[in-house]
Amino acid sequence: MRRRRKVSSATASPATRARYAKRRQKRLARVDNDLTDEQWHDLMDAWGGCAYCGGEGAALQRDCIQPVSRGGRYTLENVVPACASCNASKHNDEVTGWLRRKKLDERTFLVRHATILRALRPFPDGSALR
């Protein structure tokens, strides 16, 4: 198997960036991404800011806990709101390792994520806990 060279997006040529964007689109097309706009707004309300650093006020982005490049999908269980700084810093790293490296509280994040999911996940009859 041919090894791919790592190229920084800051120094990559437009053609290289276009290739990476096309590859990402193909990965996204192969999986079910079922996060609705309503679920996204519910997640943002539940977290009340960036899920990682707790920052408020900044525009929040959808961040996959398990990155798309590692098999993640845009689903209620895998997406959290993140500020641009945390999202860019995490890149495609595994979330617990990244939290440890940034000296953020891993346990608090995981417990809060589970609590929020339990509250937002619909029951078989279609209702949610809220």
# chains A, B, ... in the order shown; residues from 1 in each chain; ligands from 1

call {"tool": "select_by_dssp", "arguments": {"residues": "range 13-87 of chain A", "states": "strand (DSSP E or B)", "output": "PyMOL selection string"}}
result
chain A and resi 60-64+79-83

call {"tool": "write_last_selection", "arguments": {"atoms": "N, CA, C and O atoms", "output": "PDB file, in the first residue's frame"}}
result
ATOM      1  N   LEU A  60     -20.765  28.253  16.941  1.00  0.00           N
ATOM      2  CA  LEU A  60     -20.425  26.861  17.232  1.00  0.00           C
ATOM      3  C   LEU A  60     -20.479  26.029  15.961  1.00  0.00           C
ATOM      4  O   LEU A  60     -21.310  26.251  15.089  1.00  0.00           O
ATOM      5  N   GLN A  61     -19.555  25.082  15.875  1.00  0.00           N
ATOM      6  CA  GLN A  61     -19.462  24.193  14.727  1.00  0.00           C
ATOM      7  C   GLN A  61     -19.805  22.783  15.159  1.00  0.00           C
ATOM      8  O   GLN A  61     -19.627  22.422  16.314  1.00  0.00           O
ATOM      9  N   ARG A  62     -20.262  21.974  14.199  1.00  0.00           N
ATOM     10  CA  ARG A  62     -20.547  20.561  14.480  1.00  0.00           C
ATOM     11  C   ARG A  62     -19.224  19.807  14.482  1.00  0.00           C
ATOM     12  O   ARG A  62     -18.526  19.772  13.476  1.00  0.00           O
ATOM     13  N   ASP A  63     -18.891  19.225  15.613  1.00  0.00           N
ATOM     14  CA  ASP A  63     -17.659  18.447  15.705  1.00  0.00           C
ATOM     15  C   ASP A  63     -18.004  16.999  16.000  1.00  0.00           C
ATOM     16  O   ASP A  63     -18.768  16.709  16.919  1.00  0.00           O
ATOM     17  N   CYS A  64     -17.426  16.097  15.215  1.00  0.00           N
ATOM     18  CA  CYS A  64     -17.636  14.666  15.431  1.00  0.00           C
ATOM     19  C   CYS A  64     -16.678  14.180  16.503  1.00  0.00           C
ATOM     20  O   CYS A  64     -15.465  14.372  16.397  1.00  0.00           O
ATOM     21  N   VAL A  79     -21.978  13.845  17.545  1.00  0.00           N
ATOM     22  CA  VAL A  79     -21.733  15.259  17.279  1.00  0.00           C
ATOM     23  C   VAL A  79     -21.922  16.075  18.549  1.00  0.00           C
ATOM     24  O   VAL A  79     -22.850  15.847  19.316  1.00  0.00           O
ATOM     25  N   VAL A  80     -21.011  17.016  18.756  1.00  0.00           N
ATOM     26  CA  VAL A  80     -21.127  17.984  19.851  1.00  0.00           C
ATOM     27  C   VAL A  80     -20.814  19.367  19.288  1.00  0.00           C
ATOM     28  O   VAL A  80     -20.089  19.487  18.301  1.00  0.00           O
ATOM     29  N   PRO A  81     -21.356  20.419  19.906  1.00  0.00           N
ATOM     30  CA  PRO A  81     -21.002  21.771  19.469  1.00  0.00           C
ATOM     31  C   PRO A  81     -19.595  22.127  19.962  1.00  0.00           C
ATOM     32  O   PRO A  81     -19.239  21.843  21.110  1.00  0.00           O
ATOM     33  N   ALA A  82     -18.808  22.727  19.080  1.00  0.00           N
ATOM     34  CA  ALA A  82     -17.442  23.110  19.444  1.00  0.00           C
ATOM     35  C   ALA A  82     -17.131  24.483  18.870  1.00  0.00           C
ATOM     36  O   ALA A  82     -17.581  24.819  17.768  1.00  0.00           O
ATOM     37  N   CYS A  83     -16.371  25.265  19.617  1.00  0.00           N
ATOM     38  CA  CYS A  83     -15.924  26.553  19.091  1.00  0.00           C
ATOM     39  C   CYS A  83     -14.880  26.270  18.006  1.00  0.00           C
ATOM     40  O   CYS A  83     -14.322  25.164  17.920  1.00  0.00           O
TER      41      CYS A  83
END

call {"tool": "select_by_dssp", "arguments": {"residues": "chain A", "states": "helix (DSSP H, G or I)", "output": "PyMOL selection string"}}
result
chain A and resi 14-30+37-47+68-70+84-90+95-101+106-120

call {"tool": "atom_distance", "arguments": {"atom1": "CA of Arg101 in chain A", "atom2": "CA of Gly57 in chain A"}}
result
24.6 Å

call {"tool": "residues_around", "arguments": {"residues": "Gly97 in chain A", "least_positions_apart": "5", "cutoff": "12 Å", "atoms": "only C-alpha atoms", "output": "list in words"}}
result
Ile65, Gln66, Lys90, Asn92, Lys102, Lys103, Leu104, Asp105, Glu106 and Arg107 of chain A

call {"tool": "closest_residue", "arguments": {"among": "A:Leu76, A:Leu99, A:Ala59, A:Val68", "to": "Leu43 in chain A", "atoms": "only C-alpha atoms"}}
result
A:Leu76

call {"tool": "atom_distance", "arguments": {"atom1": "CA of Ser85 in chain A", "atom2": "CA of Arg19 in chain A"}}
result
24.5 Å

call {"tool": "residues_around", "arguments": {"residues": "Ala58 in chain A", "least_positions_apart": "2", "cutoff": "9 Å", "atoms": "only C-alpha atoms", "output": "mmCIF file with N, CA, C and O atoms, in the first residue's frame"}}
result
data_model
loop_
_atom_site.group_PDB
_atom_site.id
_atom_site.type_symbol
_atom_site.label_atom_id
_atom_site.label_comp_id
_atom_site.auth_asym_id
_atom_site.auth_seq_id
_atom_site.Cartn_x
_atom_site.Cartn_y
_atom_site.Cartn_z
ATOM 1 N N GLY A 49 -22.902 26.024 24.942
ATOM 2 C CA GLY A 49 -21.623 26.570 24.497
ATOM 3 C C GLY A 49 -20.758 25.439 23.973
ATOM 4 O O GLY A 49 -21.247 24.347 23.670
ATOM 5 N N CYS A 50 -19.469 25.690 23.893
ATOM 6 C CA CYS A 50 -18.536 24.669 23.393
ATOM 7 C C CYS A 50 -18.526 23.478 24.355
ATOM 8 O O CYS A 50 -18.384 23.639 25.566
ATOM 9 N N GLY A 55 -16.741 27.545 26.219
ATOM 10 C CA GLY A 55 -16.833 28.912 25.702
ATOM 11 C C GLY A 55 -18.211 29.219 25.154
ATOM 12 O O GLY A 55 -18.840 28.386 24.515
ATOM 13 N N GLU A 56 -18.674 30.425 25.423
ATOM 14 C CA GLU A 56 -19.997 30.853 24.959
ATOM 15 C C GLU A 56 -19.848 32.050 24.033
ATOM 16 O O GLU A 56 -18.846 32.740 24.056
ATOM 17 N N LEU A 60 -20.765 28.253 16.941
ATOM 18 C CA LEU A 60 -20.425 26.861 17.232
ATOM 19 C C LEU A 60 -20.479 26.029 15.961
ATOM 20 O O LEU A 60 -21.310 26.251 15.089
ATOM 21 N N CYS A 83 -16.371 25.265 19.617
ATOM 22 C CA CYS A 83 -15.924 26.553 19.091
ATOM 23 C C CYS A 83 -14.880 26.270 18.006
ATOM 24 O O CYS A 83 -14.322 25.164 17.920
ATOM 25 N N ALA A 84 -14.617 27.249 17.179
ATOM 26 C CA ALA A 84 -13.683 27.065 16.061
ATOM 27 C C ALA A 84 -12.293 26.678 16.561
ATOM 28 O O ALA A 84 -11.619 25.837 15.956
#

call {"tool": "decode", "arguments": {"residues": "range 56-69 of chain A", "atoms": "N, CA, C and O atoms", "output": "CSV table (one decimal), in the first residue's frame"}}
result
chain,number,residue,atom,x,y,z
A,56,GLU,N,-18.7,30.4,25.4
A,56,GLU,CA,-20.0,30.9,25.0
A,56,GLU,C,-19.8,32.1,24.0
A,56,GLU,O,-18.8,32.7,24.1
A,57,GLY,N,-20.9,32.3,23.2
A,57,GLY,CA,-20.9,33.5,22.4
A,57,GLY,C,-20.3,33.3,21.0
A,57,GLY,O,-20.7,34.0,20.1
A,58,ALA,N,-19.3,32.4,20.9
A,58,ALA,CA,-18.7,32.2,19.5
A,58,ALA,C,-19.6,31.3,18.7
A,58,ALA,O,-20.4,30.6,19.2
A,59,ALA,N,-19.5,31.5,17.4
A,59,ALA,CA,-20.3,30.6,16.5
A,59,ALA,C,-19.8,29.2,16.8
A,59,ALA,O,-18.6,28.9,16.8
A,60,LEU,N,-20.8,28.3,16.9
A,60,LEU,CA,-20.4,26.9,17.2
A,60,LEU,C,-20.5,26.0,16.0
A,60,LEU,O,-21.3,26.3,15.1
A,61,GLN,N,-19.6,25.1,15.9
A,61,GLN,CA,-19.5,24.2,14.7
A,61,GLN,C,-19.8,22.8,15.2
A,61,GLN,O,-19.6,22.4,16.3
A,62,ARG,N,-20.3,22.0,14.2
A,62,ARG,CA,-20.5,20.6,14.5
A,62,ARG,C,-19.2,19.8,14.5
A,62,ARG,O,-18.5,19.8,13.5
A,63,ASP,N,-18.9,19.2,15.6
A,63,ASP,CA,-17.7,18.4,15.7
A,63,ASP,C,-18.0,17.0,16.0
A,63,ASP,O,-18.8,16.7,16.9
A,64,CYS,N,-17.4,16.1,15.2
A,64,CYS,CA,-17.6,14.7,15.4
A,64,CYS,C,-16.7,14.2,16.5
A,64,CYS,O,-15.5,14.4,16.4
A,65,ILE,N,-17.2,13.5,17.5
A,65,ILE,CA,-16.4,13.0,18.6
A,65,ILE,C,-15.4,12.0,18.0
A,65,ILE,O,-14.2,12.0,18.2
A,66,GLN,N,-16.0,11.0,17.2
A,66,GLN,CA,-15.1,10.1,16.4
A,66,GLN,C,-15.1,10.7,15.0
A,66,GLN,O,-16.1,10.8,14.3
A,67,PRO,N,-14.0,11.2,14.6
A,67,PRO,CA,-13.9,11.9,13.3
A,67,PRO,C,-14.4,11.1,12.1
A,67,PRO,O,-14.3,9.9,12.1
A,68,VAL,N,-14.9,11.8,11.1
A,68,VAL,CA,-15.3,11.2,9.9
A,68,VAL,C,-14.2,10.4,9.2
A,68,VAL,O,-14.4,9.3,8.7
A,69,SER,N,-13.0,10.9,9.3
A,69,SER,CA,-11.8,10.3,8.7
A,69,SER,C,-11.5,8.9,9.4
A,69,SER,O,-10.7,8.1,8.9
